[in-house]
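J.: I'm passing along upload-v7.tsv; it holds TSV, C-alpha atoms.
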chain	number	residue	atom	x	y	z
A	1	MET	CA	-6.12	27.52	-18.03
A	2	ILE	CA	-7.81	27.84	-14.64
A	3	THR	CA	-7.00	25.13	-12.11
A	4	LEU	CA	-10.00	24.42	-9.89
A	5	GLY	CA	-9.11	23.36	-6.37
A	6	ASN	CA	-5.63	24.79	-6.57
A	7	TYR	CA	-3.66	28.03	-6.68
A	8	ASN	CA	-3.74	30.30	-9.72
A	9	THR	CA	-1.94	33.56	-10.46
A	10	LEU	CA	-4.53	35.83	-12.11
A	11	ARG	CA	-4.58	39.42	-13.32
A	12	ILE	CA	-7.03	41.92	-11.79
A	13	ASP	CA	-9.35	42.99	-14.60
A	14	HIS	CA	-11.84	45.39	-13.03
A	15	SER	CA	-13.56	46.27	-9.77
A	16	ALA	CA	-17.22	46.01	-8.84
A	17	GLU	CA	-19.40	46.61	-5.80
A	18	GLN	CA	-18.91	43.03	-4.58
A	19	GLY	CA	-15.14	42.92	-5.09
A	20	LEU	CA	-12.47	42.56	-7.75
A	21	TYR	CA	-12.88	40.49	-10.91
A	22	LEU	CA	-9.88	38.48	-12.03
A	23	GLU	CA	-9.22	37.44	-15.61
A	24	GLY	CA	-10.33	33.87	-16.17
A	25	ASP	CA	-10.41	32.01	-19.47
A	26	GLU	CA	-12.97	31.49	-22.21
A	27	ARG	CA	-14.71	28.78	-20.16
A	28	THR	CA	-14.82	30.38	-16.73
A	29	GLY	CA	-15.15	34.04	-17.55
A	30	ASP	CA	-13.91	36.55	-15.00
A	31	ILE	CA	-13.65	35.23	-11.43
A	32	LEU	CA	-14.80	37.21	-8.41
A	33	LEU	CA	-12.43	37.93	-5.52
A	34	PRO	CA	-14.93	39.08	-2.83
A	35	ASN	CA	-14.34	42.29	-0.89
A	36	ARG	CA	-13.41	40.42	2.28
A	37	TYR	CA	-10.19	39.27	0.56
A	38	VAL	CA	-9.33	42.55	-1.19
A	39	THR	CA	-6.42	44.53	0.30
A	40	PRO	CA	-5.46	48.20	-0.30
A	41	ASP	CA	-2.36	47.22	-2.28
A	42	MET	CA	-4.38	45.45	-5.00
A	43	HIS	CA	-4.81	47.49	-8.19
A	44	ILE	CA	-6.19	46.98	-11.68
A	45	GLY	CA	-3.58	45.16	-13.77
A	46	ASP	CA	-1.81	43.58	-10.79
A	47	GLU	CA	-1.38	39.82	-10.60
A	48	VAL	CA	-2.52	38.04	-7.44
A	49	ARG	CA	-2.09	34.45	-6.30
A	50	VAL	CA	-5.45	33.02	-5.28
A	51	PHE	CA	-7.08	29.69	-4.55
A	52	VAL	CA	-9.97	28.94	-6.92
A	53	TYR	CA	-12.91	26.78	-5.87
A	54	LEU	CA	-16.73	26.66	-5.82
A	55	ASP	CA	-18.63	28.68	-3.21
A	56	GLN	CA	-21.86	27.69	-1.40
A	57	ASP	CA	-23.85	28.46	-4.56
A	58	GLU	CA	-21.46	26.37	-6.72
A	59	ARG	CA	-20.05	29.50	-8.39
A	60	ILE	CA	-16.38	29.67	-9.26
A	61	ILE	CA	-14.77	32.07	-6.81
A	62	ALA	CA	-11.28	33.15	-5.69
A	63	THR	CA	-9.88	33.56	-2.21
A	64	THR	CA	-6.59	34.61	-0.66
A	65	GLU	CA	-7.18	32.21	2.24
A	66	THR	CA	-4.87	29.20	2.45
A	67	PRO	CA	-6.57	25.79	2.52
A	68	LEU	CA	-5.03	22.97	4.52
A	69	ALA	CA	-4.89	20.88	1.34
A	70	THR	CA	-5.48	21.24	-2.39
A	71	VAL	CA	-6.86	18.77	-4.93
A	72	GLY	CA	-4.58	15.74	-5.08
A	73	GLU	CA	-3.22	16.13	-1.54
A	74	PHE	CA	-3.70	14.31	1.78
A	75	ALA	CA	-4.41	16.10	5.05
A	76	PHE	CA	-5.58	15.62	8.61
A	77	LEU	CA	-8.86	17.53	8.87
A	78	ARG	CA	-11.34	17.93	11.71
A	79	VAL	CA	-15.10	17.62	11.35
A	80	ALA	CA	-16.88	20.97	11.77
A	81	TRP	CA	-20.42	19.59	11.53
A	82	THR	CA	-22.47	16.71	10.13
A	83	ASN	CA	-25.88	16.16	8.60
A	84	LYS	CA	-27.82	13.32	6.99
A	85	TYR	CA	-25.65	13.50	3.86
A	86	GLY	CA	-22.21	13.32	5.42
A	87	ALA	CA	-19.57	15.35	7.25
A	88	PHE	CA	-18.20	18.83	6.63
A	89	LEU	CA	-14.52	19.29	7.36
A	90	HIS	CA	-12.71	22.44	8.37
A	91	TRP	CA	-9.94	23.03	5.80
A	92	GLY	CA	-9.12	26.71	6.25
A	93	LEU	CA	-11.72	28.20	3.90
A	94	MET	CA	-15.10	29.80	4.55
A	95	LYS	CA	-16.88	26.87	2.87
A	96	ASP	CA	-16.23	23.59	4.66
A	97	LEU	CA	-15.11	20.54	2.67
A	98	PHE	CA	-17.80	17.88	2.21
A	99	CYS	CA	-17.13	14.18	2.83
A	100	PRO	CA	-20.23	12.12	1.89
A	101	PHE	CA	-21.11	8.94	3.74
A	102	ARG	CA	-20.01	6.80	0.80
A	103	GLU	CA	-16.48	8.15	1.17
A	104	GLN	CA	-16.24	7.47	4.91
A	105	LYS	CA	-14.76	4.28	6.36
A	106	GLN	CA	-16.79	4.78	9.51
A	107	PRO	CA	-19.31	7.49	10.44
A	108	MET	CA	-17.32	10.66	11.08
A	109	GLN	CA	-17.95	12.46	14.36
A	110	ARG	CA	-17.96	16.16	15.05
A	111	ASP	CA	-14.67	17.64	16.36
A	112	LYS	CA	-12.72	14.46	15.54
A	113	GLY	CA	-9.90	14.48	12.98
A	114	TYR	CA	-9.39	12.14	10.02
A	115	ILE	CA	-6.83	11.57	7.30
A	116	VAL	CA	-8.50	12.37	3.96
A	117	TYR	CA	-7.64	12.88	0.31
A	118	VAL	CA	-8.99	15.98	-1.47
A	119	LYS	CA	-10.47	15.32	-4.90
A	120	GLU	CA	-13.14	16.38	-7.35
A	121	ASP	CA	-16.37	14.43	-7.16
A	122	GLU	CA	-16.85	12.40	-10.35
A	123	GLN	CA	-20.61	12.93	-10.37
A	124	THR	CA	-21.15	16.50	-9.20
A	125	HIS	CA	-17.66	17.90	-10.01
A	126	ARG	CA	-17.57	19.55	-6.58
A	127	LEU	CA	-14.48	19.49	-4.42
A	128	MET	CA	-14.80	16.84	-1.74
A	129	ALA	CA	-12.86	14.67	0.68
A	130	THR	CA	-12.57	10.91	0.92
A	131	ALA	CA	-11.33	8.86	3.87
A	132	LYS	CA	-10.77	5.86	1.58
A	133	VAL	CA	-7.22	6.97	0.95
A	134	GLU	CA	-5.69	3.62	-0.07
A	135	ARG	CA	-6.95	3.95	-3.64
A	136	TYR	CA	-4.86	7.10	-4.10
A	137	LEU	CA	-1.53	5.56	-3.08
A	138	SER	CA	0.90	4.43	-5.77
A	139	VAL	CA	3.41	1.59	-5.90
A	140	PRO	CA	7.07	2.72	-5.65
A	141	TYR	CA	8.30	0.67	-8.60
A	142	THR	CA	8.84	1.40	-12.26
A	143	ALA	CA	6.92	-0.71	-14.75
A	144	ALA	CA	8.71	-3.76	-16.16
A	145	MET	CA	10.47	-2.73	-19.38
A	146	PRO	CA	11.63	-4.96	-22.25
A	147	GLN	CA	15.41	-5.31	-22.44
A	148	SER	CA	15.45	-4.92	-26.22
A	149	THR	CA	14.29	-1.64	-27.73
A	150	GLU	CA	13.35	-3.39	-30.99
A	151	GLN	CA	9.73	-4.44	-31.31
A	152	PRO	CA	9.49	-7.08	-34.09
A	153	GLN	CA	6.13	-8.37	-35.21
A	154	PRO	CA	5.26	-11.45	-33.13
A	155	THR	CA	5.75	-14.75	-34.97
A	156	LYS	CA	6.11	-18.30	-33.78
A	157	GLN	CA	9.88	-17.87	-33.76
A	158	THR	CA	9.95	-14.46	-32.06
A	159	GLN	CA	7.40	-15.60	-29.48
A	160	ALA	CA	9.68	-18.47	-28.56
A	161	SER	CA	12.79	-16.28	-28.40
A	162	ARG	CA	11.23	-13.10	-26.97
A	163	GLN	CA	13.61	-11.05	-24.87
A	164	PRO	CA	12.88	-11.22	-21.11
A	165	SER	CA	11.69	-8.06	-19.38
A	166	GLN	CA	13.69	-6.12	-16.85
A	167	PRO	CA	12.12	-6.44	-13.40
A	168	PRO	CA	10.41	-3.41	-11.86
A	169	ARG	CA	12.91	-1.02	-10.24
A	170	PRO	CA	12.27	0.65	-6.86
A	171	LEU	CA	11.81	4.41	-7.14
A	172	LEU	CA	13.13	4.91	-3.59
A	173	LYS	CA	16.19	3.39	-1.98
A	174	HIS	CA	17.57	2.71	1.47
A	175	GLY	CA	18.52	5.94	3.23
A	176	ASP	CA	16.35	8.30	1.15
A	177	THR	CA	14.82	11.17	3.11
A	178	VAL	CA	11.04	11.57	2.74
A	179	GLU	CA	8.22	13.55	4.30
A	180	ALA	CA	5.52	11.42	5.92
A	181	LEU	CA	2.01	12.04	7.24
A	182	ILE	CA	1.18	9.76	10.17
A	183	TRP	CA	-1.94	7.88	9.10
A	184	GLN	CA	-3.13	5.38	11.71
A	185	LYS	CA	-1.96	3.20	14.61
A	186	THR	CA	-1.54	-0.53	13.99
A	187	ASP	CA	-0.36	-3.50	16.00
A	188	LEU	CA	3.09	-3.05	14.43
A	189	GLY	CA	3.40	0.70	14.87
A	190	PHE	CA	2.03	3.40	12.58
A	191	LYS	CA	0.99	3.50	8.95
A	192	ALA	CA	2.19	6.63	7.16
A	193	ILE	CA	1.56	8.35	3.84
A	194	ILE	CA	4.82	9.24	2.10
A	195	GLY	CA	4.93	12.22	-0.21
A	196	PRO	CA	4.46	14.26	-2.20
A	197	ILE	CA	7.19	12.82	-4.43
A	198	SER	CA	7.88	13.85	-8.02
A	199	PRO	CA	7.34	10.77	-10.19
A	200	ILE	CA	10.41	9.21	-11.83
A	201	GLY	CA	9.72	7.13	-14.90
A	202	PRO	CA	6.60	5.00	-15.56
A	203	ILE	CA	4.81	3.75	-12.47
A	204	SER	CA	4.37	0.01	-12.02
A	205	PRO	CA	1.01	-1.49	-12.99
A	206	ILE	CA	1.28	-4.08	-10.19
A	207	GLY	CA	-0.75	-2.01	-7.73
A	208	PRO	CA	-3.14	0.94	-7.38
A	209	ILE	CA	-2.02	4.03	-9.24
A	210	SER	CA	-2.79	7.62	-8.34
A	211	PRO	CA	-5.80	8.61	-10.46
A	212	ILE	CA	-4.42	12.07	-11.25
A	213	SER	CA	-3.38	12.04	-14.88
A	214	PRO	CA	-1.13	14.67	-16.52
A	215	ILE	CA	-4.23	16.48	-17.79
A	216	GLY	CA	-6.10	16.17	-14.49
A	217	PRO	CA	-9.68	15.18	-13.69
A	218	ILE	CA	-12.67	16.79	-15.40
A	219	SER	CA	-14.42	19.76	-13.80
A	220	PRO	CA	-17.67	21.50	-14.71
A	221	ILE	CA	-15.61	24.04	-16.63
A	222	GLY	CA	-13.53	21.52	-18.57
A	223	PRO	CA	-10.29	19.66	-17.90
A	224	ILE	CA	-8.31	20.74	-14.86
A	225	THR	CA	-4.60	21.00	-15.40
A	226	PRO	CA	-1.86	21.03	-12.78
A	227	THR	CA	-0.18	24.34	-12.04
A	228	SER	CA	3.16	23.03	-13.37
A	229	PRO	CA	3.80	21.31	-16.70
A	230	THR	CA	5.35	18.31	-14.97
A	231	ALA	CA	3.48	15.19	-13.92
A	232	PRO	CA	1.67	15.49	-10.57
A	233	PRO	CA	3.33	14.15	-7.42
A	234	VAL	CA	2.64	10.65	-6.15
A	235	TYR	CA	2.21	9.21	-2.67
A	236	TYR	CA	3.25	5.86	-1.19
A	237	GLN	CA	2.31	3.82	1.86
A	238	GLY	CA	4.90	3.55	4.62
A	239	GLN	CA	5.20	1.67	7.89
A	240	LEU	CA	6.91	2.82	11.08
A	241	TYR	CA	7.59	0.05	13.61
A	242	ASP	CA	7.19	0.47	17.36
A	243	ASN	CA	10.77	-0.62	18.05
A	244	GLN	CA	12.02	2.21	15.82
A	245	ILE	CA	9.87	4.96	17.38
A	246	PHE	CA	11.47	6.91	20.19
A	247	ARG	CA	9.12	9.87	20.51
A	248	PRO	CA	5.35	10.36	20.77
A	249	LEU	CA	3.44	10.15	17.49
A	250	ARG	CA	-0.22	10.66	16.67
A	251	THR	CA	-2.40	10.64	13.58
A	252	GLY	CA	-1.94	13.85	11.59
A	253	ASP	CA	1.69	14.47	12.57
A	254	ARG	CA	4.00	15.36	9.69
A	255	VAL	CA	7.52	14.02	10.16
A	256	THR	CA	10.78	13.63	8.30
A	257	ALA	CA	11.50	9.93	7.84
A	258	TYR	CA	14.08	7.73	6.15
A	259	VAL	CA	13.58	4.75	3.86
A	260	ASP	CA	14.75	1.53	5.45
A	261	HIS	CA	13.43	-0.99	2.92
A	262	VAL	CA	11.13	-1.03	-0.13
A	263	ARG	CA	9.08	-4.22	0.08
A	264	GLN	CA	7.89	-6.30	-2.87
A	265	ASP	CA	4.26	-5.60	-1.98
A	266	GLY	CA	4.91	-1.88	-2.61
A	267	LYS	CA	4.90	-0.77	1.02
A	268	ILE	CA	7.92	1.03	2.45
A	269	ASP	CA	9.50	0.41	5.85
A	270	LEU	CA	10.51	3.69	7.45
A	271	THR	CA	12.59	4.88	10.36
A	272	LEU	CA	12.63	8.26	12.07
A	273	GLN	CA	16.43	8.21	12.36
A	274	PRO	CA	18.91	8.53	9.48
A	275	THR	CA	20.16	5.10	8.47
A	276	GLY	CA	23.66	3.69	8.20
A	277	HIS	CA	26.93	5.50	8.78
A	278	ARG	CA	25.38	8.96	8.59
A	279	HIS	CA	23.15	8.20	11.57
A	280	THR	CA	26.09	6.81	13.53
A	281	LEU	CA	28.06	10.00	12.97
A	282	ASP	CA	25.07	12.23	13.76
A	283	PHE	CA	24.26	10.52	17.04
A	284	ALA	CA	27.93	10.16	17.99
A	285	GLU	CA	28.16	13.95	17.97
A	286	THR	CA	24.96	14.15	20.05
A	287	LEU	CA	26.42	11.72	22.59
A	288	LEU	CA	29.69	13.64	22.68
A	289	ARG	CA	27.83	16.88	23.39
A	290	TYR	CA	25.89	15.13	26.17
A	291	LEU	CA	29.16	14.07	27.78
A	292	TYR	CA	30.56	17.60	27.66
A	293	GLU	CA	27.37	18.95	29.26
A	294	ASN	CA	27.20	16.28	31.99
A	295	GLY	CA	30.61	16.24	33.58
A	296	GLY	CA	32.19	14.01	30.98
A	297	HIS	CA	30.36	10.89	32.14
A	298	CYS	CA	27.35	8.77	31.08
A	299	ASP	CA	26.18	5.82	33.17
A	300	LEU	CA	24.64	4.06	30.14
A	301	GLY	CA	26.87	1.67	28.21
A	302	ASP	CA	26.49	-0.86	25.42
A	303	LYS	CA	25.10	-3.41	27.93
A	304	SER	CA	22.43	-1.08	29.29
A	305	ASP	CA	18.73	-1.74	28.88
A	306	ALA	CA	17.32	-0.65	25.52
A	307	GLU	CA	14.38	1.14	27.16
A	308	LEU	CA	16.70	3.27	29.31
A	309	ILE	CA	18.67	4.25	26.19
A	310	ALA	CA	15.49	5.06	24.26
A	311	ASP	CA	14.04	7.11	27.13
A	312	ARG	CA	17.15	9.26	27.46
A	313	PHE	CA	18.44	9.57	23.89
A	314	LYS	CA	15.45	8.61	21.69
A	315	VAL	CA	17.53	6.11	19.68
A	316	SER	CA	17.75	2.35	19.45
A	317	LYS	CA	20.28	0.34	21.44
A	318	LYS	CA	21.94	-0.64	18.16
A	319	ALA	CA	22.48	3.03	17.25
A	320	TYR	CA	23.78	3.78	20.74
A	321	LYS	CA	26.32	0.95	20.60
A	322	LYS	CA	27.55	2.11	17.18
A	323	ALA	CA	28.02	5.65	18.48
A	324	ILE	CA	30.04	4.37	21.47
A	325	GLY	CA	32.18	2.35	19.09
A	326	ASP	CA	32.75	5.37	16.87
A	327	LEU	CA	33.78	7.62	19.78
A	328	TYR	CA	36.00	4.89	21.25
A	329	ARG	CA	37.82	4.34	17.92
A	330	ARG	CA	38.38	8.10	17.71
A	331	ARG	CA	39.88	7.92	21.23
A	332	LEU	CA	37.42	10.45	22.57
A	333	ILE	CA	36.00	8.24	25.33
A	334	THR	CA	37.00	5.40	27.62
A	335	ILE	CA	34.78	2.54	28.72
A	336	GLU	CA	34.70	1.96	32.48
A	337	GLU	CA	34.62	-1.44	34.16
A	338	ASP	CA	30.90	-1.03	34.92
A	339	GLY	CA	30.21	-0.32	31.21
A	340	SER	CA	29.66	3.41	31.60
A	341	ILE	CA	31.54	5.81	29.34
A	342	ARG	CA	33.72	8.78	30.15
A	343	LEU	CA	35.43	11.51	28.13
A	344	VAL	CA	39.17	11.14	27.66
A	345	PRO	CA	40.86	13.78	29.90
Would you give me this structure, written as structure tokens?

T.:
Amino acid sequence: MITLGNYNTLRIDHSAEQGLYLEGDERTGDILLPNRYVTPDMHIGDEVRVFVYLDQDERIIATTETPLATVGEFAFLRVAWTNKYGAFLHWGLMKDLFCPFREQKQPMQRDKGYIVYVKEDEQTHRLMATAKVERYLSVPYTAAMPQSTEQPQPTKQTQASRQPSQPPRPLLKHGDTVEALIWQKTDLGFKAIIGPISPIGPISPIGPISPISPIGPISPIGPITPTSPTAPPVYYQGQLYDNQIFRPLRTGDRVTAYVDHVRQDGKIDLTLQPTGHRHTLDFAETLLRYLYENGGHCDLGDKSDAELIADRFKVSKKAYKKAIGDLYRRRLITIEEDGSIRLVP
């Protein structure tokens, strides 16, 4: 079944003046791959991986170009042009991606970038973007499950003695590594979008759930299905705090982050450094290498100003102190009277 707004591997059926026609299904018919995307190594009967979407005339068409996002994904896209209906975003394809005014938080401006979610419009079934991304973020908890697997018919007695439910369980834990898209600056630091993450178990009903169901949204050619038989990935909201950021960040950056804490409201506190003992060991080796490359001495100690430590090593003072302690216990360094550290001869 053809997946609109995503990648499909299709067989080349025949050629025509305007390009190659790829085998579709009973609903789409054959799909044109225009000449501009045809290469000399493509032959009748070959299979090609293409992105399928609607062209300017709303015809289903294939391309070998790579979009910056597919249906169900978030991306940082820049505005190519605007008109009285909305904004058109550059997303790597010949046809720009439309974001109507109703899906904008504020009027989008030409050449500026915005975090958007790519979806299929419920009314027109065209691919479109929305800047109202919160509604497409899930809650990182399983649904509450009854402790007993038996489901007796409710009576006055069973209602009084009903088994309590198990509380929702976090789907992520402290120390997990995640990919994050920097979303927007706040007074606390930066909001981030975590994902994509393969769903594990039922998602909690205590917050907004990703609207992508296992069978997908409805397109003008019928139901859209994901390219894999598994459930689609989900995305969560994360928060990076200023006192944990030791390098420049801006909206649209994609970073590797680490889960610090999963909050009860469904938001996830993140850090850009590995947490716990692993981070101590990692930075201890970085500090040791610094000492070897700088004459065996570092003027910063565990009493030094946190900003000086962050400027030089891009870590918190707490992490720096732990690394000093680790190297000292391993008898690799000595601590001078002025607090500086030196390699053991």

J.: Of the residues A:Lys119, A:His43, A:Lys322, A:Arg329, which is the one nearest to Glu103 of chain A, using only C-alpha atoms?

T.: A:Lys119

J.: Nearest residue to Asp46 of chain A out of A:Met1, A:Leu172, A:Leu22, A:Leu308, using only C-alpha atoms?

T.: A:Leu22

J.: Within 12 Å of (-21.0, 28.3, -2.5) in the file's own coordinates, which protein, DNA or RNA residues have an atom, counting all atoms listed in the file? List them as a PyMOL selection string.

T.: chain A and resi 52-62+93-98+126-127

J.: Could you check how far atom CA of Pro100 of chain A sits from atom CA of Met128 of chain A, in Å to one decimal?

T.: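 That distance, rounded to one decimal, is 8.1 Å.
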
J.: Contacts of Pro196 of chain A at 8 Å or less, counting all atoms listed in the file, minus same-chain residues fewer than 2 places along, as a list in words?

T.: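 Residues meeting the cut-off are Glu73, Glu179, Ile194, Ser198, Pro233, Val234 and Tyr235 of chain A.
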
J.: Counting all atoms listed in the file, which of A:Val139, A:Leu240, A:Val116, A:Leu332 gets nearest to Asp187 of chain A?

T.: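 For Asp187 of chain A, the nearest of the candidates is A:Leu240.
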